[in-house]
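Dropping structure_13.pdb in here (PDB, C-alpha atoms):
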```
ATOM      1  CA  VAL B  24     108.468 129.391  72.814
ATOM      2  CA  THR B  25     110.722 126.351  73.053
ATOM      3  CA  ASP B  26     113.725 128.336  74.370
ATOM      4  CA  GLY B  27     111.607 130.333  76.796
ATOM      5  CA  VAL B  28     112.582 133.737  75.359
ATOM      6  CA  VAL B  29     109.140 135.297  75.408
ATOM      7  CA  PHE B  30     108.189 133.663  78.707
ATOM      8  CA  ASN B  31     111.356 135.038  80.357
ATOM      9  CA  TYR B  32     110.794 138.423  78.735
ATOM     10  CA  LEU B  33     107.271 138.586  80.114
ATOM     11  CA  ILE B  34     108.351 137.956  83.702
ATOM     12  CA  SER B  35     111.615 139.957  83.498
ATOM     13  CA  GLY B  36     111.776 142.668  86.140
ATOM     14  CA  ASP B  37     109.423 140.777  88.457
ATOM     15  CA  GLU B  38     111.823 139.352  91.034
ATOM     16  CA  ASP B  39     109.015 137.649  92.928
ATOM     17  CA  ALA B  40     107.555 135.861  89.903
ATOM     18  CA  THR B  41     107.356 132.100  90.249
ATOM     19  CA  GLY B  42     105.349 131.777  87.039
ATOM     20  CA  LEU B  43     103.435 133.755  84.441
ATOM     21  CA  ARG B  44     100.463 135.801  85.611
ATOM     22  CA  LEU B  45      97.812 137.874  83.862
ATOM     23  CA  HIS B  46      99.500 141.169  84.741
ATOM     24  CA  HIS B  47     102.627 140.000  82.860
ATOM     25  CA  LEU B  48     100.540 139.929  79.691
ATOM     26  CA  ASP B  49      98.928 143.284  80.470
ATOM     27  CA  SER B  50     101.483 145.320  82.413
ATOM     28  CA  LYS B  51      99.097 148.248  82.923
ATOM     29  CA  LEU B  52      96.383 146.216  84.622
ATOM     30  CA  ASP B  53      97.764 146.438  88.164
ATOM     31  CA  GLU B  54      98.398 150.163  87.657
ATOM     32  CA  SER B  55      94.793 150.729  86.623
ATOM     33  CA  LEU B  56      93.459 148.699  89.546
ATOM     34  CA  GLU B  57      95.589 150.571  92.079
ATOM     35  CA  GLU B  58      94.626 153.934  90.598
ATOM     36  CA  LEU B  59      90.933 153.073  90.867
ATOM     37  CA  LYS B  60      91.176 152.010  94.509
ATOM     38  CA  THR B  61      93.334 154.994  95.509
ATOM     39  CA  ARG B  62      91.084 157.545  93.843
ATOM     40  CA  CYS B  63      87.953 155.974  95.331
ATOM     41  CA  VAL B  64      89.459 156.199  98.822
ATOM     42  CA  ASP B  65      90.514 159.811  98.212
ATOM     43  CA  ARG B  66      87.049 160.764  96.940
ATOM     44  CA  TYR B  67      84.745 158.724  99.156
ATOM     45  CA  GLY B  68      86.816 157.592 102.136
ATOM     46  CA  SER B  69      86.872 153.900 101.216
ATOM     47  CA  MET B  70      86.342 151.564  98.280
ATOM     48  CA  TRP B  71      83.088 150.200  99.639
ATOM     49  CA  GLN B  72      81.667 153.665 100.258
ATOM     50  CA  ALA B  73      82.453 154.619  96.649
ATOM     51  CA  PHE B  74      80.684 151.462  95.450
ATOM     52  CA  GLU B  75      77.740 152.090  97.761
ATOM     53  CA  THR B  76      77.159 155.461  96.098
ATOM     54  CA  PHE B  77      76.312 153.607  92.869
ATOM     55  CA  ASP B  78      74.727 150.636  94.654
ATOM     56  CA  PRO B  79      72.277 152.314  97.040
ATOM     57  CA  ASP B  80      70.330 149.086  97.562
ATOM     58  CA  GLY B  81      73.461 147.313  98.841
ATOM     59  CA  THR B  82      73.338 144.414  96.375
ATOM     60  CA  GLY B  83      77.135 144.253  95.967
ATOM     61  CA  THR B  84      76.696 144.483  92.202
ATOM     62  CA  ILE B  85      76.461 147.405  89.782
ATOM     63  CA  SER B  86      75.961 147.643  86.032
ATOM     64  CA  ASN B  87      78.824 148.366  83.637
ATOM     65  CA  LYS B  88      77.257 151.775  83.029
ATOM     66  CA  ALA B  89      77.306 152.559  86.741
ATOM     67  CA  PHE B  90      80.918 151.319  86.991
ATOM     68  CA  VAL B  91      81.944 153.662  84.170
ATOM     69  CA  ALA B  92      80.169 156.497  85.961
ATOM     70  CA  MET B  93      82.042 155.671  89.179
ATOM     71  CA  CYS B  94      85.390 155.667  87.312
ATOM     72  CA  GLN B  95      84.580 158.999  85.709
ATOM     73  CA  GLU B  96      83.511 160.452  89.047
ATOM     74  CA  VAL B  97      86.928 159.666  90.579
ATOM     75  CA  LYS B  98      88.755 160.827  87.409
ATOM     76  CA  VAL B  99      89.878 157.375  86.236
ATOM     77  CA  THR B 100      89.416 157.439  82.473
ATOM     78  CA  ASP B 101      92.467 155.944  80.702
ATOM     79  CA  GLY B 102      91.967 152.445  82.077
ATOM     80  CA  ILE B 103      88.184 152.095  82.006
ATOM     81  CA  HIS B 104      88.001 149.598  79.130
ATOM     82  CA  ARG B 105      90.864 147.558  80.588
ATOM     83  CA  LEU B 106      89.072 147.386  83.926
ATOM     84  CA  LEU B 107      85.762 146.471  82.294
ATOM     85  CA  HIS B 108      87.429 143.555  80.483
ATOM     86  CA  TYR B 109      89.045 142.449  83.740
ATOM     87  CA  PHE B 110      85.952 142.590  85.918
ATOM     88  CA  ASP B 111      83.473 141.509  83.220
ATOM     89  CA  PRO B 112      85.386 139.335  80.685
ATOM     90  CA  GLU B 113      82.230 137.529  79.597
ATOM     91  CA  SER B 114      80.288 140.766  78.961
ATOM     92  CA  GLU B 115      77.583 139.992  81.514
ATOM     93  CA  HIS B 116      77.217 143.751  82.153
ATOM     94  CA  GLU B 117      77.654 143.399  85.911
ATOM     95  CA  ILE B 118      80.546 144.348  88.194
ATOM     96  CA  ARG B 119      80.833 142.910  91.719
ATOM     97  CA  LEU B 120      82.483 144.762  94.594
ATOM     98  CA  GLU B 121      83.952 141.446  95.753
ATOM     99  CA  ASP B 122      85.870 141.159  92.459
ATOM    100  CA  ILE B 123      87.282 144.668  92.852
ATOM    101  CA  ASP B 124      88.275 144.385  96.498
ATOM    102  CA  LYS B 125      87.255 141.443  98.694
ATOM    103  CA  ASP B 126      88.176 143.272 101.902
ATOM    104  CA  ALA B 127      85.998 146.199 100.831
ATOM    105  CA  ALA B 128      83.125 143.797 100.166
ATOM    106  CA  ASP B 129      83.523 142.355 103.669
ATOM    107  CA  ASP B 130      83.523 145.886 105.120
ATOM    108  CA  ALA B 131      80.371 146.673 103.170
ATOM    109  CA  LYS B 132      78.639 143.609 104.595
ATOM    110  CA  ASP B 133      79.635 144.610 108.118
ATOM    111  CA  ALA B 134      78.385 148.160 107.558
ATOM    112  CA  SER B 135      75.132 146.856 106.112
ATOM    113  CA  GLU B 136      74.667 144.578 109.118
ATOM    114  CA  GLU B 137      75.296 147.467 111.529
ATOM    115  CA  LYS B 138      72.756 149.625 109.701
ATOM    116  CA  ARG B 139      70.186 146.858 109.832
ATOM    117  CA  GLU B 140      70.750 146.294 113.524
ATOM    118  CA  ALA B 141      70.403 150.019 114.161
ATOM    119  CA  ARG B 142      67.125 150.085 112.248
ATOM    120  CA  LEU B 143      65.853 147.058 114.132
ATOM    121  CA  SER B 144      66.739 148.654 117.454
ATOM    122  CA  LYS B 145      64.933 151.834 116.491
ATOM    123  CA  HIS B 146      61.942 149.844 115.371
ATOM    124  CA  ARG B 147      61.774 148.089 118.724
ATOM    125  CA  ARG B 148      62.027 151.384 120.579
ATOM    126  CA  ASP B 149      59.340 152.934 118.411
ATOM    127  CA  GLU B 150      57.127 149.940 118.955
ATOM    128  CA  ARG B 151      57.487 150.213 122.684
ATOM    129  CA  LEU B 152      56.588 153.901 122.432
ATOM    130  CA  LYS B 153      53.671 153.123 120.176
ATOM    131  CA  ARG B 154      55.043 155.142 117.265
ATOM    132  CA  THR B 155      56.459 152.471 114.974
ATOM    133  CA  HIS B 156      57.567 153.578 111.532
ATOM    134  CA  MET B 157      58.142 150.560 109.320
ATOM    135  CA  LYS B 158      61.068 150.846 106.890
ATOM    136  CA  SER B 159      62.427 148.232 104.509
ATOM    137  CA  GLN B 160      65.795 146.683 105.329
ATOM    138  CA  PRO B 161      68.626 146.805 102.755
ATOM    139  CA  PRO B 162      70.008 143.431 101.645
ATOM    140  CA  ASP B 163      73.611 142.381 102.407
ATOM    141  CA  ILE B 164      76.286 143.353 100.014
ATOM    142  CA  GLY B 165      77.914 140.965  99.577
ATOM    143  CA  SER B 166     113.743 151.134  84.600
ATOM    144  CA  ARG B 167     125.712 150.323  77.753
ATOM    145  CA  VAL B 168     127.279 150.846  75.437
ATOM    146  CA  GLY B 169     128.417 150.187  71.783
ATOM    147  CA  VAL B 170     127.985 146.735  70.225
ATOM    148  CA  GLU B 171     126.542 145.183  73.373
ATOM    149  CA  ALA B 172     123.934 147.924  73.705
ATOM    150  CA  ARG B 173     122.860 147.544  70.073
ATOM    151  CA  LYS B 174     122.608 143.792  70.549
ATOM    152  CA  GLU B 175     120.423 144.276  73.602
ATOM    153  CA  ASP B 176     118.252 146.785  71.742
ATOM    154  CA  ARG B 177     117.754 144.363  68.851
ATOM    155  CA  GLN B 178     116.838 141.563  71.226
ATOM    156  CA  LEU B 179     114.417 143.818  73.070
ATOM    157  CA  GLU B 180     112.775 144.871  69.818
ATOM    158  CA  SER B 181     112.498 141.227  68.748
ATOM    159  CA  ASP B 182     110.930 140.266  72.075
ATOM    160  CA  GLN B 183     108.477 143.146  71.874
ATOM    161  CA  GLN B 184     107.428 142.216  68.336
ATOM    162  CA  ALA B 185     106.932 138.588  69.361
ATOM    163  CA  LEU B 186     104.828 139.628  72.330
ATOM    164  CA  LYS B 187     102.804 142.001  70.149
ATOM    165  CA  GLY B 188     102.076 139.138  67.764
ATOM    166  CA  ILE B 189     100.938 136.871  70.599
ATOM    167  CA  ARG B 190      98.665 139.547  72.037
ATOM    168  CA  GLN B 191      97.124 140.233  68.634
ATOM    169  CA  LYS B 192      96.329 136.546  68.142
ATOM    170  CA  LEU B 193      94.857 136.282  71.619
ATOM    171  CA  LEU B 194      92.683 139.355  71.095
ATOM    172  CA  LYS B 195      91.522 138.084  67.701
ATOM    173  CA  GLN B 196      90.595 134.668  69.074
ATOM    174  CA  TYR B 197      89.205 135.600  72.485
ATOM    175  CA  GLY B 198      88.219 139.283  72.313
ATOM    176  CA  ASN B 199      90.211 140.444  75.347
ATOM    177  CA  LEU B 200      93.286 139.335  77.314
ATOM    178  CA  VAL B 201      91.397 138.418  80.463
ATOM    179  CA  ARG B 202      89.200 135.939  78.611
ATOM    180  CA  ALA B 203      92.287 134.607  76.772
ATOM    181  CA  TRP B 204      94.185 134.163  80.039
ATOM    182  CA  ARG B 205      91.378 132.298  81.729
ATOM    183  CA  ALA B 206      90.508 130.107  78.752
ATOM    184  CA  ALA B 207      93.915 129.325  77.203
ATOM    185  CA  PHE B 208      96.528 129.754  79.930
ATOM    186  CA  ASP B 209      94.904 129.404  83.344
ATOM    187  CA  PRO B 210      91.598 127.498  83.034
ATOM    188  CA  ASP B 211      91.957 126.171  86.581
ATOM    189  CA  ASP B 212      92.228 129.713  87.981
ATOM    190  CA  GLU B 213      95.541 129.037  89.780
ATOM    191  CA  GLY B 214      96.690 132.633  89.182
ATOM    192  CA  SER B 215     100.144 131.668  87.840
ATOM    193  CA  ILE B 216     101.486 129.217  85.251
ATOM    194  CA  THR B 217     104.879 127.639  84.499
ATOM    195  CA  PHE B 218     106.884 128.033  81.297
ATOM    196  CA  GLU B 219     105.851 124.530  80.306
ATOM    197  CA  ALA B 220     102.187 125.427  80.596
ATOM    198  CA  PHE B 221     102.748 128.680  78.675
ATOM    199  CA  GLU B 222     104.636 126.787  75.941
ATOM    200  CA  SER B 223     101.935 124.152  75.672
ATOM    201  CA  ALA B 224      99.153 126.735  75.420
ATOM    202  CA  CYS B 225     101.003 128.664  72.692
ATOM    203  CA  GLU B 226     101.605 125.453  70.732
ATOM    204  CA  ASP B 227      97.932 124.536  71.013
ATOM    205  CA  MET B 228      97.056 127.904  69.446
ATOM    206  CA  GLY B 229      99.688 127.574  66.671
ATOM    207  CA  MET B 230     101.886 130.359  68.037
ATOM    208  CA  GLU B 231     105.115 128.439  68.669
ATOM    209  CA  GLU B 232     107.007 129.964  65.712
ATOM    210  CA  GLN B 233     105.874 133.522  66.382
ATOM    211  CA  ALA B 234     106.598 133.262  70.085
TER     212      ALA B 234
END
```

Would you give me this structure, written as structure tokens?
Amino acid sequence: VTDGVVFNYLISGDEDATGLRLHHLDSKLDESLEELKTRCVDRYGSMWQAFETFDPDGTGTISNKAFVAMCQEVKVTDGIHRLLHYFDPESEHEIRLEDIDKDAADDAKDASEEKREARLSKHRRDERLKRTHMKSQPPDIGSRVGVEARKEDRQLESDQQALKGIRQKLLKQYGNLVRAWRAAFDPDDEGSITFEAFESACEDMGMEEQA
């Protein structure tokens, strides 16, 4: 950790990185998130409409079981467990639309408000015509050579082994990488950390030699 090898390896290839982020530890997370959103739009028209199918009462929250069903419905299967750990790191068995896509959650609230207003308008018309039909209102949703190439390959293998060791320790101690990130690396939820913060966290967990 002290020479920054693993830290630099983690953020290598990310030209915009100003610090370490969760997706550097789990490189497939962003891919899984994007696949989920894209497939939901393709299948249902929008992210909030996909969520609404499994949240008919418009609460903005669905169970883990319903989330798995939604993923299976849009043919997202490889990343289900990764997404569950990301959206529900504390195993509370609830997934919020706002955590998946805040813009989609805002759209859902607007749609819910429009539906309620439409129902209220109809109710008023019915009342005036003396044929009121009371209905409950839904709540708001919230990608060399020779010696140099071999040297690079050895360094890459060494970096990968070091990273594997760090991930294994994090999983053993915290259960999943999201919980590890939030507890050990980014407790203040800043979204990105410096090398110094990464080094300090690894030292606190006794991983300085392995890293």

Region 211-216 of chain B surroundings by all atoms listed in the file, 8 Å radius, close-in-sequence under 6 positions cut, as a VMD selection string: chain B and resid 41 to 45 205

Tell me which protein, DNA and RNA residues are within 10 Å of region 74-91 of chain B, counting only C-alpha atoms, leaving out same-chain ones fewer than 3 positions away, and put them as a short mmCIF file (atom, residue, chain, number, x, y, z; two decimals) with C-alpha atoms, in the frame of the given file.
```
data_model
loop_
_atom_site.label_atom_id
_atom_site.label_comp_id
_atom_site.auth_asym_id
_atom_site.auth_seq_id
_atom_site.Cartn_x
_atom_site.Cartn_y
_atom_site.Cartn_z
CA CYS B 63 87.95 155.97 95.33
CA TYR B 67 84.74 158.72 99.16
CA SER B 69 86.87 153.90 101.22
CA MET B 70 86.34 151.56 98.28
CA TRP B 71 83.09 150.20 99.64
CA CYS B 94 85.39 155.67 87.31
CA GLN B 95 84.58 159.00 85.71
CA GLU B 96 83.51 160.45 89.05
CA VAL B 99 89.88 157.38 86.24
CA THR B 100 89.42 157.44 82.47
CA ILE B 103 88.18 152.10 82.01
CA HIS B 104 88.00 149.60 79.13
CA LEU B 106 89.07 147.39 83.93
CA LEU B 107 85.76 146.47 82.29
CA PHE B 110 85.95 142.59 85.92
CA ASP B 111 83.47 141.51 83.22
CA SER B 114 80.29 140.77 78.96
CA GLU B 115 77.58 139.99 81.51
CA HIS B 116 77.22 143.75 82.15
CA GLU B 117 77.65 143.40 85.91
CA ILE B 118 80.55 144.35 88.19
CA ARG B 119 80.83 142.91 91.72
CA LEU B 120 82.48 144.76 94.59
CA GLU B 121 83.95 141.45 95.75
CA ASP B 122 85.87 141.16 92.46
CA ILE B 123 87.28 144.67 92.85
CA ALA B 127 86.00 146.20 100.83
CA ALA B 128 83.12 143.80 100.17
CA ALA B 131 80.37 146.67 103.17
CA LYS B 132 78.64 143.61 104.60
CA SER B 135 75.13 146.86 106.11
CA GLN B 160 65.80 146.68 105.33
CA PRO B 161 68.63 146.80 102.76
CA PRO B 162 70.01 143.43 101.64
CA ASP B 163 73.61 142.38 102.41
CA ILE B 164 76.29 143.35 100.01
CA GLY B 165 77.91 140.96 99.58
#
```

Could you state the separation of CA of Ala207 (chain B) and CA of Ala224 (chain B) in Å, given to one decimal place?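 Computed distance, CA of Ala207 (chain B) to CA of Ala224 (chain B), equals 6.1 Å.
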
Provide the CA of Gly188 (chain B) to CA of His46 (chain B) distance in Å, to one decimal place.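 That distance, rounded to one decimal, is 17.3 Å.
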
Please expand the PyMOL selection byres ((chain B and resi 192) around 12) into the concrete residues it hits in this file, giving the result as a count of residues only. 24

Å distance separating CA of Asp65 (chain B) from CA of Arg139 (chain B), one decimal place: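 Computing it gives 26.8 Å between the two atoms.
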
From the set B:Asp227, B:Arg105, B:Arg177, B:Asp126, which residue has the shortest atom-to-atom contact distance to Asp53 (chain B), counting all atoms listed in the file?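 Residue with the minimum atom-to-atom distance to Asp53 (chain B): B:Arg105.
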